[in-house]
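Enquirer: Okay, handing you the structure first.
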Amino acid sequence: MTDQPESFDIVSVGRALVDAAPPVTPRNVLHRGGDANPSADALKQQFGDAIIRSAVGWGETTVFVARAHVGEIIRWLHDDPAQQYDYLVDVTAVEYREAENPIEVVWHLRSLPYRRFLRIKTELKKGSPLEVDSVWGVYHGADWLERECYDMFGITFTGHPDLRRILMWEQYKEGYPLRKDFPLRGRFSRSEQLRQALAANPESRYSMEELTVAEAFTEIPDDMRRRLASGERTGE
Amino acid sequence: MATKTRTIEVELSTSGLDASGKPQRVPIVTNDGGTAIALEEPLAIEPDLDGEHMLLNLGPQHPATHGVLRLVLELDGETVVRCIPHIGYLHCGFEKTGEYRQYNQIIPWTDREDYLNAPGNNVAFALGAERLFGIDITERCTVLRVIACELSRMMSHLVWLGTTSIDIGAYTPFLWAFHQRELIYQLLESWTGARLTTSVTRVGGMMADIPDGWTGNLRKFLDGFIKVLDDVDVLLTRNAIWVGRTVGLGVMTPEEAVNYGLSGCMLRASGVSYDVRKDFPYLDYETYDFEVPVGVNGDVYDRYLVRMEEMRQSNRILYQALDRLPDGPINVDDARVILPTKKDATSGMESMIHHFKQVMEGPRPPVGEAYVAVESPRGEKGYYMVSDGSAKPVRWRIRPPSFVNLSAIPKMVEGHLLSDVIAINASIDVVLGEIDR
C-alpha cells in the first residue's frame with residue numbers, strides 16, 4: 001500500500017471523554033461488593049422510590065427499578081450529560097426455575113464516553129400482565145431485541161411500533177419457548193408439528209402488510225384474507 | 001449526514017499502466033449523498049413509468065444472502081422502497097438447550113452459533129463461565145486464548161472478503177482468501193482436531209495445549225498472510241468496479257450507528273472507535289500494541305477498508321502473542337472445575353470419585369450473574385449467564401452482534417437499487433447461525 005485513501009484514518013484512542021486511566025482487564029473480581037457504578041447513586045438521587053435496590057456482583061452493577069418507571073429512567077440515562085448511556089447492548093429476560101419468582105426483564109447499557117456498563121432490571125409478577133415500556137424511542141437498536149424478547153417470553157413492550165414474532169413464525173401457536181413451563185421438545189408432538197407445517201399456506205409466509213403490495217390483493221375477498229392471515233391452507 | 005465530496009483514485013483498466021509504466025489513475029468523484037458519480041455521462045433517464053410497486057422475495061435460499069435470510073423487498077422499478085427482513089429459519093433454541101446443559105457441555109454449542117468464529121466464541125463463553133466461578137486463568141492460557149481469538153477474527157474476515165467479492169463480481173479474491181483460511185484451518189486442526197467446530201476452551205483452561213512446532217507453523221503462516229492481503233488490496237481497493245459498487249452505499253452516520261446498536265466493523269466504519277478490546281479489555285488486550293481502524297463515511301467501502309486493516313492488526317497481535325507465550329500450565333489449579341489427570345483418575349480412589357462427580361454432576365458456580373463481552377469479528381459478542389447455584393445455568397443469553405447489525409438493514413437499503421442490496425447485505429457480514437441461534 002503506497003498511499004492510504006484520504007477517507008481512511010487509523011486512530012488508536014477510544015471514544016472516551018474522561019481522562020480516567022485506560023481500562024485494564026479485570027482480575028480477582030469479587031463475587032459480592034466492590035466498586036459500584038456511580039450511575040446507581042445518581043439514579044437513586046434522581047428517581048428516589050422508583051429505584052428499588054441496587055447490587056454489585058462480579059464487578060457489574062445491577063439496578064432494580066419499578067416497572068412503571070422503566071421508560072423514563074432509561075431515557076434519563078441516555079439523555080443526561082453526566083450519564084450518557086448511549087449504547088443499548090441487550091434487552092432480554094430471565095425466568096427462574098422456582099415458579100414463584102417473578103420474571104426479570106434485563107437491559108444492558110453501555111456509556112461509550114464514560115466506559116461504563118450498567119444493568120437495569122425490573123421484575124414482572126407472574127399472573128399480572130407481562131408488560132413493560134419499550135425503549136425503542138430512545139434506542140432504535142431495541143427494535144429486534146424487544147421483538148425477540150416478546151417472541152421468546154411473551155413480554156409485551158408497550159410503545160414498540162411493530163411488536164410481532166421474529167424468530168418463530170407469525171402463526172406459531174405453541175407459546176413462548178424460553179419460558180420455564182415450555183418443554184424442551186416443544187408442546188406439540190412431532191407429527192402434529194409436521195401436520196401443521198404441511199397444512200400451512202405458503203402465502204401465509206408473507207405478512208398482511210407485505211401482501212397489500214402484491215398484485216390482485218384488492219381482489220381477494222375479506223374472509224379469504226382472514227384465512228390467509230391465520231395460516232390456513234385455502235383453495236385446493 | 002456528513003456531506004463532503006471525496007475523491008478516491010481508481011485504476012481503470014486491468015493492466016492499469018500508462019505509457020511511462022506508472023499506474024494509470026482516474027479520480028472518481030462522489031456527490032453530496034456519497035454516491036459515486038459515473039465516469040461517463042449517464043444516459044438520459046427514461047420518463048418515469050407510472051406503475052405499481054412490485055413485491056420481490058429475496059431468499060431464504062439465495063447464495064447472496066449469506067445464509068438463510070429472507071428479505072421481502074417492495075420495489076419501485078429497481079429502487080427499493082421498503083425492506084422487510086424475515087429471520088428465524090435456523091432457529092434451533094440454543095439458549096433453551098443451554099439451560100439443560102452443564103457449563104462445559106455448552107461449549108460445543110457455542111461453536112455452532114457463529115460458526116465462522118468458533119474459537120472466539122469458545123473463549124467468550126469460557127470467560128463468562130469463569131467470571132461466574134470467580135476464576136482467573138493462567139498466563140499461558142490467556143495468551144493461547146488471544147491467539148485463538150485473533151486467528152478466528154482473520155478466518156472470519158477472510159470468509160467475508162471472499163464471499164463479498166463474489167457477490168460484487170470479483171472471483172480471484174475469493175480463491176486467495178479461502179486458501180489462507182484453509183491454512184488457518186490446518187493450524188486449528190493440528191491444535192484441536194477439528195476445523196470448524198473447535199471447542200478449544202474449557203472452563204478454567206484450554207481443551208489442549210498446542211502441539212510441538214505449532215508456533216513455528218503459525219509464524220510461517222503470518223509471514224505469508226500479509227502478502228496475500230497486499231495482493232487483494234491491489235486487486236480491490238482502487239478497482240473501479242469495486243469502488244463504484246461500494247462507495248456511498250448503506251451509509252450510517254455515527255449517531256445512527258450508535259443508536260441502532262451496531263458494533264464491530266459496522267460501527268467503526270461509521271467513525272465510532274468503540275472496540276471491546278480497547279474499551280472494556282479482557283485477556284490483557286490492553287498490553288498489546290495494536291490500533292483500531294476507524295472509517296469516516298460509514299459506507300460499504302469503508303467497512304471493507306476497516307476489515308482489511310483489522311486483519312493486519314490481528315497479524316500484529318499474533319506476532320506479539322507468539323513472542324510472549326510463556327511456559328506453564330494451561331489449566332488453573334482449581335479442583336472445582338478441572339478434572340484430575342487420567343493417571344490419577346485411574347489409580348486413586350479420591351481422584352476417581354472427583355472425576356465421577358465432576359462429569360456426572362458438573363461444577364456448580366455460586367449464585368450470581370455475569371455478562372462478559374468480547375470483540376468478535378462481527379462486533380460485541382456477549383454471553384450473559386445467570387446461575388442459581390446449580391450445575392446448569394438458569395439463563396444463557398447470547399448477545400448476537402450480527403442480529404443487531406442486521407436489524408438496521410431496512411434503514412440502509414431503502415432508496416438504493418436492488419443490486420446494491422446485495423452489496424449492503426454482504427457488508428454487514430451476517431452469520432445466520434448466530435442471528436437465529
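We label chains A, B, ... in the order they appear in the C-alpha cells, count residues from 1 in each chain, and number ligands from 1 in the order shown.
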Please provide the set of residues having any atom within 6 Å of region 80-90 of chain B, restricted to only C-alpha atoms, with same-chain residues fewer than 3 positions apart removed, written as a list of chain:residue names.
Expert: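 Result of the neighbour search: A:Leu167, B:Leu69, B:Arg70, B:Leu71, B:Val72, B:Leu73, B:Glu74, B:Leu75, B:Pro410, B:Glu414, B:Gly415, B:His416, B:Leu417, B:Asp436.
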Enquirer: Just the alpha helix (DSSP H) stuff from region 64-175 of chain A, please, per backbone DSSP, written as number ranges by chain.
Expert: A: 70-79, 142-153
Enquirer: Please produce a file of those selected residues containing N, CA and C atoms, as a PDB file, in the first residue's frame.
Expert:
```
ATOM      1  N   VAL A  70     -39.668   2.396  34.020  1.00  0.00           N
ATOM      2  CA  VAL A  70     -38.545   1.939  33.200  1.00  0.00           C
ATOM      3  C   VAL A  70     -38.254   2.907  32.063  1.00  0.00           C
ATOM      4  N   GLY A  71     -39.307   3.300  31.358  1.00  0.00           N
ATOM      5  CA  GLY A  71     -39.125   4.147  30.179  1.00  0.00           C
ATOM      6  C   GLY A  71     -38.415   5.444  30.514  1.00  0.00           C
ATOM      7  N   GLU A  72     -38.917   6.134  31.552  1.00  0.00           N
ATOM      8  CA  GLU A  72     -38.321   7.444  31.859  1.00  0.00           C
ATOM      9  C   GLU A  72     -36.918   7.290  32.416  1.00  0.00           C
ATOM     10  N   ILE A  73     -36.676   6.205  33.165  1.00  0.00           N
ATOM     11  CA  ILE A  73     -35.340   6.033  33.738  1.00  0.00           C
ATOM     12  C   ILE A  73     -34.313   5.809  32.635  1.00  0.00           C
ATOM     13  N   ILE A  74     -34.657   4.960  31.697  1.00  0.00           N
ATOM     14  CA  ILE A  74     -33.688   4.682  30.638  1.00  0.00           C
ATOM     15  C   ILE A  74     -33.517   5.903  29.739  1.00  0.00           C
ATOM     16  N   ARG A  75     -34.590   6.629  29.527  1.00  0.00           N
ATOM     17  CA  ARG A  75     -34.439   7.856  28.730  1.00  0.00           C
ATOM     18  C   ARG A  75     -33.530   8.852  29.449  1.00  0.00           C
ATOM     19  N   TRP A  76     -33.683   8.946  30.767  1.00  0.00           N
ATOM     20  CA  TRP A  76     -32.823   9.861  31.520  1.00  0.00           C
ATOM     21  C   TRP A  76     -31.358   9.426  31.428  1.00  0.00           C
ATOM     22  N   LEU A  77     -31.131   8.114  31.572  1.00  0.00           N
ATOM     23  CA  LEU A  77     -29.758   7.619  31.489  1.00  0.00           C
ATOM     24  C   LEU A  77     -29.148   7.944  30.136  1.00  0.00           C
ATOM     25  N   HIS A  78     -29.979   7.902  29.100  1.00  0.00           N
ATOM     26  CA  HIS A  78     -29.485   8.193  27.752  1.00  0.00           C
ATOM     27  C   HIS A  78     -29.219   9.679  27.581  1.00  0.00           C
ATOM     28  N   ASP A  79     -30.129  10.514  28.102  1.00  0.00           N
ATOM     29  CA  ASP A  79     -30.061  11.939  27.793  1.00  0.00           C
ATOM     30  C   ASP A  79     -29.175  12.725  28.746  1.00  0.00           C
ATOM     31  N   ALA A 142     -33.251  -1.277  19.856  1.00  0.00           N
ATOM     32  CA  ALA A 142     -34.117  -2.109  20.690  1.00  0.00           C
ATOM     33  C   ALA A 142     -35.181  -2.815  19.872  1.00  0.00           C
ATOM     34  N   ASP A 143     -35.355  -2.417  18.616  1.00  0.00           N
ATOM     35  CA  ASP A 143     -36.436  -2.953  17.792  1.00  0.00           C
ATOM     36  C   ASP A 143     -36.457  -4.475  17.808  1.00  0.00           C
ATOM     37  N   TRP A 144     -35.419  -5.079  17.282  1.00  0.00           N
ATOM     38  CA  TRP A 144     -35.421  -6.541  17.181  1.00  0.00           C
ATOM     39  C   TRP A 144     -35.198  -7.208  18.531  1.00  0.00           C
ATOM     40  N   LEU A 145     -34.437  -6.558  19.401  1.00  0.00           N
ATOM     41  CA  LEU A 145     -34.179  -7.172  20.703  1.00  0.00           C
ATOM     42  C   LEU A 145     -35.480  -7.317  21.481  1.00  0.00           C
ATOM     43  N   GLU A 146     -36.331  -6.294  21.416  1.00  0.00           N
ATOM     44  CA  GLU A 146     -37.610  -6.388  22.120  1.00  0.00           C
ATOM     45  C   GLU A 146     -38.530  -7.381  21.432  1.00  0.00           C
ATOM     46  N   ARG A 147     -38.479  -7.402  20.106  1.00  0.00           N
ATOM     47  CA  ARG A 147     -39.307  -8.396  19.408  1.00  0.00           C
ATOM     48  C   ARG A 147     -38.900  -9.810  19.806  1.00  0.00           C
ATOM     49  N   GLU A 148     -37.591 -10.021  19.946  1.00  0.00           N
ATOM     50  CA  GLU A 148     -37.142 -11.358  20.322  1.00  0.00           C
ATOM     51  C   GLU A 148     -37.594 -11.698  21.731  1.00  0.00           C
ATOM     52  N   CYS A 149     -37.511 -10.726  22.608  1.00  0.00           N
ATOM     53  CA  CYS A 149     -37.921 -10.954  23.990  1.00  0.00           C
ATOM     54  C   CYS A 149     -39.415 -11.274  24.049  1.00  0.00           C
ATOM     55  N   TYR A 150     -40.184 -10.568  23.231  1.00  0.00           N
ATOM     56  CA  TYR A 150     -41.617 -10.859  23.150  1.00  0.00           C
ATOM     57  C   TYR A 150     -41.850 -12.259  22.600  1.00  0.00           C
ATOM     58  N   ASP A 151     -41.096 -12.597  21.580  1.00  0.00           N
ATOM     59  CA  ASP A 151     -41.249 -13.885  20.922  1.00  0.00           C
ATOM     60  C   ASP A 151     -40.928 -15.031  21.876  1.00  0.00           C
ATOM     61  N   MET A 152     -39.875 -14.863  22.666  1.00  0.00           N
ATOM     62  CA  MET A 152     -39.377 -15.955  23.492  1.00  0.00           C
ATOM     63  C   MET A 152     -40.037 -15.995  24.866  1.00  0.00           C
ATOM     64  N   PHE A 153     -40.468 -14.847  25.392  1.00  0.00           N
ATOM     65  CA  PHE A 153     -41.012 -14.815  26.753  1.00  0.00           C
ATOM     66  C   PHE A 153     -42.451 -14.331  26.821  1.00  0.00           C
TER      67      PHE A 153
END
```
Enquirer: Fewer than 4 positions away in the same chain doesn't count, so skip those; otherwise give me all residues within 12 Å of region 181-188 of chain A, counting only C-alpha atoms, as a VMD selection string.
Expert: (chain A and resid 95 to 99 152 to 154 172 to 177 192 to 197) or (chain B and resid 92 to 101)
Enquirer: Using only C-alpha atoms, pick whichever of A:His140, A:Leu124, A:Thr62, A:Leu43 has the shortest atom-to-atom distance to His108 (chain A).
Expert: A:Thr62
Enquirer: Would you work out the distance separating CA of Ala40 (chain A) from CA of Arg397 (chain B), expressed in Å to one decimal?
Expert: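 Distance reported for this atom pair: 23.8 Å.
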Enquirer: Counting only C-alpha atoms, figure out which residue out of B:Gly298, B:Gly271, B:Pro400, B:Pro281 gets nearest to Val247 (chain B).
Expert: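 Counting only C-alpha atoms, the residue closest to Val247 (chain B) is B:Gly298.
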Enquirer: Can you pull out the residues contacting Glu60 (chain A)? Cut-off 12 Å, using only C-alpha atoms, and skip same-chain residues under 4 positions away; I want them as a tab-separated table (two decimals) with all heavy atoms, in the first residue's frame.
Expert:
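File part_3.tsv, as written:
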```tsv
chain	number	residue	atom	x	y	z
A	26	PRO	N	-10.13	-6.90	34.00
A	26	PRO	CA	-10.45	-7.10	35.42
A	26	PRO	C	-9.85	-8.41	35.96
A	26	PRO	O	-9.82	-9.42	35.26
A	26	PRO	CB	-11.98	-7.14	35.44
A	26	PRO	CG	-12.40	-7.41	34.05
A	26	PRO	CD	-11.31	-6.96	33.15
A	29	VAL	N	-12.06	-10.53	40.44
A	29	VAL	CA	-13.34	-9.85	40.57
A	29	VAL	C	-14.09	-10.44	41.75
A	29	VAL	O	-14.12	-11.66	41.93
A	29	VAL	CB	-14.15	-10.03	39.27
A	29	VAL	CG1	-15.42	-9.23	39.33
A	29	VAL	CG2	-13.32	-9.60	38.08
A	30	LEU	N	-14.69	-9.56	42.55
A	30	LEU	CA	-15.39	-10.04	43.74
A	30	LEU	C	-16.77	-10.57	43.37
A	30	LEU	O	-17.44	-10.05	42.48
A	30	LEU	CB	-15.54	-8.89	44.74
A	30	LEU	CG	-14.24	-8.39	45.37
A	30	LEU	CD1	-14.54	-7.19	46.25
A	30	LEU	CD2	-13.59	-9.49	46.17
A	31	HIS	N	-17.16	-11.60	44.11
A	31	HIS	CA	-18.50	-12.16	43.90
A	31	HIS	C	-19.57	-11.17	44.33
A	31	HIS	O	-20.54	-10.91	43.63
A	31	HIS	CB	-18.63	-13.47	44.67
A	31	HIS	CG	-19.95	-14.13	44.50
A	31	HIS	ND1	-20.45	-15.03	45.39
A	31	HIS	CD2	-20.87	-14.02	43.52
A	31	HIS	CE1	-21.64	-15.44	44.98
A	31	HIS	NE2	-21.91	-14.85	43.84
A	32	ARG	N	-19.39	-10.60	45.50
A	32	ARG	CA	-20.34	-9.61	46.01
A	32	ARG	C	-19.56	-8.36	46.39
A	32	ARG	O	-18.48	-8.46	46.95
A	32	ARG	CB	-21.07	-10.13	47.25
A	32	ARG	CG	-21.99	-11.29	46.95
A	32	ARG	CD	-23.37	-10.82	46.60
A	32	ARG	NE	-24.25	-11.96	46.33
A	32	ARG	CZ	-24.52	-12.41	45.10
A	32	ARG	NH1	-23.99	-11.83	44.04
A	32	ARG	NH2	-25.32	-13.44	44.93
A	33	GLY	N	-20.14	-7.22	46.15
A	33	GLY	CA	-19.49	-5.99	46.55
A	33	GLY	C	-18.45	-5.54	45.54
A	33	GLY	O	-18.34	-6.08	44.46
A	34	GLY	N	-17.69	-4.55	45.94
A	34	GLY	CA	-16.74	-3.95	45.01
A	34	GLY	C	-17.24	-2.58	44.62
A	34	GLY	O	-18.23	-2.08	45.14
A	35	ASP	N	-16.53	-1.97	43.70
A	35	ASP	CA	-16.88	-0.61	43.30
A	35	ASP	C	-18.19	-0.62	42.52
A	35	ASP	O	-18.30	-1.30	41.52
A	35	ASP	CB	-15.77	-0.01	42.43
A	35	ASP	CG	-14.50	0.18	43.23
A	35	ASP	OD1	-14.62	0.23	44.48
A	35	ASP	OD2	-13.42	0.24	42.63
A	36	ALA	N	-19.14	0.19	43.00
A	36	ALA	CA	-20.40	0.30	42.28
A	36	ALA	C	-20.27	1.34	41.19
A	36	ALA	O	-19.47	2.26	41.29
A	36	ALA	CB	-21.52	0.67	43.23
A	37	ASN	N	-21.05	1.17	40.15
A	37	ASN	CA	-21.13	2.15	39.09
A	37	ASN	C	-21.74	3.43	39.67
A	37	ASN	O	-22.78	3.38	40.31
A	37	ASN	CB	-22.02	1.58	37.99
A	37	ASN	CG	-22.06	2.45	36.77
A	37	ASN	OD1	-21.93	3.66	36.87
A	37	ASN	ND2	-22.24	1.83	35.63
A	38	PRO	N	-21.08	4.59	39.51
A	38	PRO	CA	-21.63	5.81	40.11
A	38	PRO	C	-23.04	6.14	39.63
A	38	PRO	O	-23.76	6.88	40.30
A	38	PRO	CB	-20.63	6.89	39.69
A	38	PRO	CG	-19.71	6.27	38.71
A	38	PRO	CD	-19.80	4.81	38.85
A	39	SER	N	-23.43	5.61	38.48
A	39	SER	CA	-24.77	5.90	37.99
A	39	SER	C	-25.84	5.35	38.92
A	39	SER	O	-26.97	5.86	38.93
A	39	SER	CB	-24.95	5.31	36.60
A	39	SER	OG	-23.97	5.79	35.74
A	40	ALA	N	-25.53	4.32	39.69
A	40	ALA	CA	-26.53	3.76	40.60
A	40	ALA	C	-26.95	4.78	41.63
A	40	ALA	O	-28.14	4.98	41.90
A	40	ALA	CB	-25.98	2.50	41.26
A	54	SER	N	-30.10	-1.67	44.46
A	54	SER	CA	-29.03	-1.93	43.51
A	54	SER	C	-28.02	-2.85	44.17
A	54	SER	O	-27.91	-2.90	45.39
A	54	SER	CB	-28.37	-0.64	43.04
A	54	SER	OG	-27.73	-0.02	44.12
A	55	ALA	N	-27.33	-3.62	43.36
A	55	ALA	CA	-26.39	-4.60	43.89
A	55	ALA	C	-25.19	-4.67	42.96
A	55	ALA	O	-25.30	-4.37	41.77
A	55	ALA	CB	-27.05	-5.97	43.98
A	56	VAL	N	-24.05	-5.04	43.53
A	56	VAL	CA	-22.85	-5.23	42.72
A	56	VAL	C	-22.45	-6.69	42.83
A	56	VAL	O	-22.30	-7.21	43.93
A	56	VAL	CB	-21.69	-4.33	43.20
A	56	VAL	CG1	-20.49	-4.49	42.29
A	56	VAL	CG2	-22.13	-2.89	43.25
A	108	HIS	N	-29.09	-4.19	29.26
A	108	HIS	CA	-27.66	-3.95	29.43
A	108	HIS	C	-27.32	-2.68	28.68
A	108	HIS	O	-27.55	-2.60	27.48
A	108	HIS	CB	-26.85	-5.12	28.88
A	108	HIS	CG	-26.91	-6.33	29.74
A	108	HIS	ND1	-26.97	-7.60	29.25
A	108	HIS	CD2	-26.92	-6.47	31.08
A	108	HIS	CE1	-27.01	-8.46	30.24
A	108	HIS	NE2	-26.99	-7.81	31.36
A	109	LEU	N	-26.81	-1.70	29.40
A	109	LEU	CA	-26.49	-0.42	28.78
A	109	LEU	C	-25.00	-0.14	28.90
A	109	LEU	O	-24.37	-0.52	29.89
A	109	LEU	CB	-27.26	0.71	29.48
A	109	LEU	CG	-28.77	0.58	29.58
A	109	LEU	CD1	-29.32	1.72	30.40
A	109	LEU	CD2	-29.38	0.58	28.20
A	110	ARG	N	-24.49	0.52	27.90
A	110	ARG	CA	-23.12	0.97	27.97
A	110	ARG	C	-23.08	2.47	27.74
A	110	ARG	O	-23.83	2.99	26.90
A	110	ARG	CB	-22.26	0.32	26.88
A	110	ARG	CG	-21.68	-1.01	27.26
A	110	ARG	CD	-20.54	-1.34	26.33
A	110	ARG	NE	-20.34	-2.78	26.19
A	110	ARG	CZ	-19.78	-3.55	27.11
A	110	ARG	NH1	-19.41	-3.05	28.24
A	110	ARG	NH2	-19.61	-4.84	26.89
A	116	ARG	N	-18.74	2.96	30.87
A	116	ARG	CA	-19.44	2.33	31.98
A	116	ARG	C	-20.39	1.28	31.46
A	116	ARG	O	-20.87	1.36	30.33
A	116	ARG	CB	-20.24	3.37	32.75
A	116	ARG	CG	-19.40	4.24	33.62
A	116	ARG	CD	-20.30	5.20	34.37
A	116	ARG	NE	-19.53	6.29	34.95
A	116	ARG	CZ	-20.08	7.47	35.24
A	116	ARG	NH1	-21.35	7.70	35.01
A	116	ARG	NH2	-19.34	8.41	35.78
A	117	PHE	N	-20.67	0.33	32.32
A	117	PHE	CA	-21.61	-0.74	31.98
A	117	PHE	C	-22.63	-0.82	33.10
A	117	PHE	O	-22.26	-0.81	34.27
A	117	PHE	CB	-20.87	-2.07	31.83
A	117	PHE	CG	-21.78	-3.23	31.56
A	117	PHE	CD1	-22.25	-3.45	30.28
A	117	PHE	CD2	-22.16	-4.10	32.57
A	117	PHE	CE1	-23.09	-4.53	30.01
A	117	PHE	CE2	-22.99	-5.16	32.31
A	117	PHE	CZ	-23.45	-5.38	31.04
A	118	LEU	N	-23.89	-0.84	32.75
A	118	LEU	CA	-24.93	-0.84	33.78
A	118	LEU	C	-26.01	-1.83	33.38
A	118	LEU	O	-26.38	-1.93	32.20
A	118	LEU	CB	-25.53	0.56	33.91
A	118	LEU	CG	-26.54	0.77	35.03
A	118	LEU	CD1	-25.88	0.61	36.38
A	118	LEU	CD2	-27.17	2.14	34.92
A	119	ARG	N	-26.48	-2.56	34.38
A	119	ARG	CA	-27.58	-3.50	34.14
A	119	ARG	C	-28.83	-2.98	34.84
A	119	ARG	O	-28.80	-2.71	36.04
A	119	ARG	CB	-27.21	-4.88	34.66
A	119	ARG	CG	-28.29	-5.91	34.46
A	119	ARG	CD	-27.88	-7.26	35.00
A	119	ARG	NE	-26.73	-7.78	34.30
A	119	ARG	CZ	-25.64	-8.27	34.90
A	119	ARG	NH1	-25.57	-8.31	36.20
A	119	ARG	NH2	-24.63	-8.72	34.19
A	120	ILE	N	-29.88	-2.78	34.09
A	120	ILE	CA	-31.16	-2.35	34.66
A	120	ILE	C	-32.08	-3.55	34.64
A	120	ILE	O	-32.17	-4.27	33.64
A	120	ILE	CB	-31.78	-1.22	33.81
A	120	ILE	CG1	-30.83	-0.03	33.71
A	120	ILE	CG2	-33.12	-0.80	34.37
A	120	ILE	CD1	-30.72	0.78	34.95
B	131	ARG	N	-15.99	-16.06	35.00
B	131	ARG	CA	-16.43	-14.94	35.83
B	131	ARG	C	-17.44	-15.44	36.86
B	131	ARG	O	-17.36	-15.10	38.03
B	131	ARG	CB	-17.04	-13.87	34.93
B	131	ARG	CG	-17.53	-12.63	35.61
B	131	ARG	CD	-16.44	-11.76	36.16
B	131	ARG	NE	-15.48	-11.26	35.19
B	131	ARG	CZ	-15.69	-10.23	34.39
B	131	ARG	NH1	-16.83	-9.59	34.42
B	131	ARG	NH2	-14.76	-9.82	33.55
B	132	LEU	N	-18.33	-16.32	36.43
B	132	LEU	CA	-19.34	-16.86	37.36
B	132	LEU	C	-18.69	-17.69	38.46
B	132	LEU	O	-19.18	-17.75	39.58
B	132	LEU	CB	-20.32	-17.75	36.60
B	132	LEU	CG	-21.56	-17.14	36.01
B	132	LEU	CD1	-22.46	-18.23	35.47
B	132	LEU	CD2	-22.33	-16.34	37.04
B	368	GLY	N	-25.38	-16.07	41.08
B	368	GLY	CA	-24.92	-14.79	40.55
B	368	GLY	C	-25.16	-14.71	39.07
B	368	GLY	O	-25.76	-15.62	38.47
B	369	GLU	N	-24.72	-13.63	38.49
B	369	GLU	CA	-24.91	-13.44	37.06
B	369	GLU	C	-23.74	-12.66	36.51
B	369	GLU	O	-23.10	-11.90	37.24
B	369	GLU	CB	-26.21	-12.70	36.77
B	369	GLU	CG	-26.29	-11.37	37.46
B	369	GLU	CD	-27.69	-10.78	37.41
B	369	GLU	OE1	-28.40	-11.05	36.44
B	369	GLU	OE2	-28.05	-10.05	38.33
B	370	ALA	N	-23.43	-12.89	35.27
B	370	ALA	CA	-22.30	-12.20	34.66
B	370	ALA	C	-22.59	-11.97	33.20
B	370	ALA	O	-23.20	-12.81	32.53
B	370	ALA	CB	-21.02	-13.02	34.82
B	371	TYR	N	-22.18	-10.81	32.72
B	371	TYR	CA	-22.22	-10.53	31.29
B	371	TYR	C	-20.79	-10.26	30.86
B	371	TYR	O	-20.15	-9.35	31.36
B	371	TYR	CB	-23.09	-9.31	30.99
B	371	TYR	CG	-23.04	-8.89	29.54
B	371	TYR	CD1	-23.82	-9.53	28.60
B	371	TYR	CD2	-22.17	-7.90	29.10
B	371	TYR	CE1	-23.76	-9.18	27.26
B	371	TYR	CE2	-22.11	-7.55	27.77
B	371	TYR	CZ	-22.90	-8.20	26.87
B	371	TYR	OH	-22.83	-7.86	25.54
B	372	VAL	N	-20.28	-11.10	29.98
B	372	VAL	CA	-18.92	-10.91	29.51
B	372	VAL	C	-18.96	-10.76	28.00
B	372	VAL	O	-19.55	-11.59	27.31
B	372	VAL	CB	-18.02	-12.10	29.92
B	372	VAL	CG1	-16.67	-11.97	29.25
B	372	VAL	CG2	-17.84	-12.12	31.42
B	384	TYR	N	-24.39	-13.68	28.51
B	384	TYR	CA	-24.98	-13.31	29.80
B	384	TYR	C	-25.46	-14.59	30.44
B	384	TYR	O	-26.28	-15.30	29.86
B	384	TYR	CB	-26.12	-12.33	29.56
B	384	TYR	CG	-26.95	-11.99	30.78
B	384	TYR	CD1	-26.34	-11.55	31.94
B	384	TYR	CD2	-28.32	-12.10	30.76
B	384	TYR	CE1	-27.10	-11.22	33.04
B	384	TYR	CE2	-29.09	-11.78	31.86
B	384	TYR	CZ	-28.47	-11.33	33.00
B	384	TYR	OH	-29.22	-11.02	34.09
```
Enquirer: So how far away is CA of Leu235 (chain B) from CA of Arg316 (chain B), in Å?
Expert: 22.7 Å
Enquirer: Please identify all polymer residues within 8 Å of Ser270 (chain B), counting only C-alpha atoms, omitting same-chain residues fewer than 2 positions from it, and present them as a PyMOL selection string.
Expert: chain B and resi 251-254+257+266-268+272+294-299+302
Enquirer: For Asp233 (chain B), which of B:Met308, B:Ala345, B:Leu151, B:Val394 is the closest residue, counting only C-alpha atoms?
Expert: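 Smallest distance to Asp233 (chain B) is found for B:Met308.
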Enquirer: What's around Phe157 (chain A) at 7 Å? Count only C-alpha atoms, leave out sequence neighbours fewer than 5 positions away in its own chain, and write the answer as a tab-separated table (two decimals) with all heavy atoms, in the first residue's frame.
Expert:
```
chain	number	residue	atom	x	y	z
A	131	GLU	N	-46.08	-6.69	30.99
A	131	GLU	CA	-45.97	-5.50	30.15
A	131	GLU	C	-44.92	-4.57	30.70
A	131	GLU	O	-44.80	-4.40	31.92
A	131	GLU	CB	-47.31	-4.74	30.11
A	131	GLU	CG	-48.28	-5.31	29.13
A	131	GLU	CD	-49.57	-4.52	29.10
A	131	GLU	OE1	-49.60	-3.39	29.64
A	131	GLU	OE2	-50.53	-5.04	28.55
A	132	VAL	N	-44.18	-3.96	29.82
A	132	VAL	CA	-43.16	-3.02	30.26
A	132	VAL	C	-42.96	-2.03	29.12
A	132	VAL	O	-43.30	-2.30	27.97
A	132	VAL	CB	-41.86	-3.79	30.62
A	132	VAL	CG1	-41.17	-4.31	29.39
A	132	VAL	CG2	-40.92	-2.96	31.45
A	133	ASP	N	-42.42	-0.85	29.46
A	133	ASP	CA	-42.24	0.18	28.44
A	133	ASP	C	-41.22	-0.25	27.40
A	133	ASP	O	-40.21	-0.88	27.73
A	133	ASP	CB	-41.73	1.48	29.08
A	133	ASP	CG	-42.75	2.08	30.01
A	133	ASP	OD1	-43.92	1.73	29.86
A	133	ASP	OD2	-42.37	2.86	30.89
A	134	SER	N	-41.48	0.14	26.19
A	134	SER	CA	-40.48	-0.07	25.14
A	134	SER	C	-39.47	1.05	25.19
A	134	SER	O	-39.80	2.19	25.53
A	134	SER	CB	-41.16	-0.10	23.78
A	134	SER	OG	-40.20	0.03	22.76
A	146	GLU	N	-36.33	-6.29	21.42
A	146	GLU	CA	-37.61	-6.39	22.12
A	146	GLU	C	-38.53	-7.38	21.43
A	146	GLU	O	-39.27	-8.12	22.10
A	146	GLU	CB	-38.27	-5.00	22.19
A	146	GLU	CG	-37.56	-4.11	23.18
A	146	GLU	CD	-38.15	-2.72	23.27
A	146	GLU	OE1	-39.05	-2.39	22.47
A	146	GLU	OE2	-37.70	-1.96	24.14
```
Enquirer: Would you mind writing down, as a list in words, each residue of region 133-343 of chain B that DSSP on the backbone assigns to strand (DSSP E or B)?
Expert: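 Answer for region 133-343 of chain B, restricted to strand (DSSP E or B): Thr201, Arg202, Gly205, Met206, Asn239, Val292, Pro293 and Val294 of chain B.
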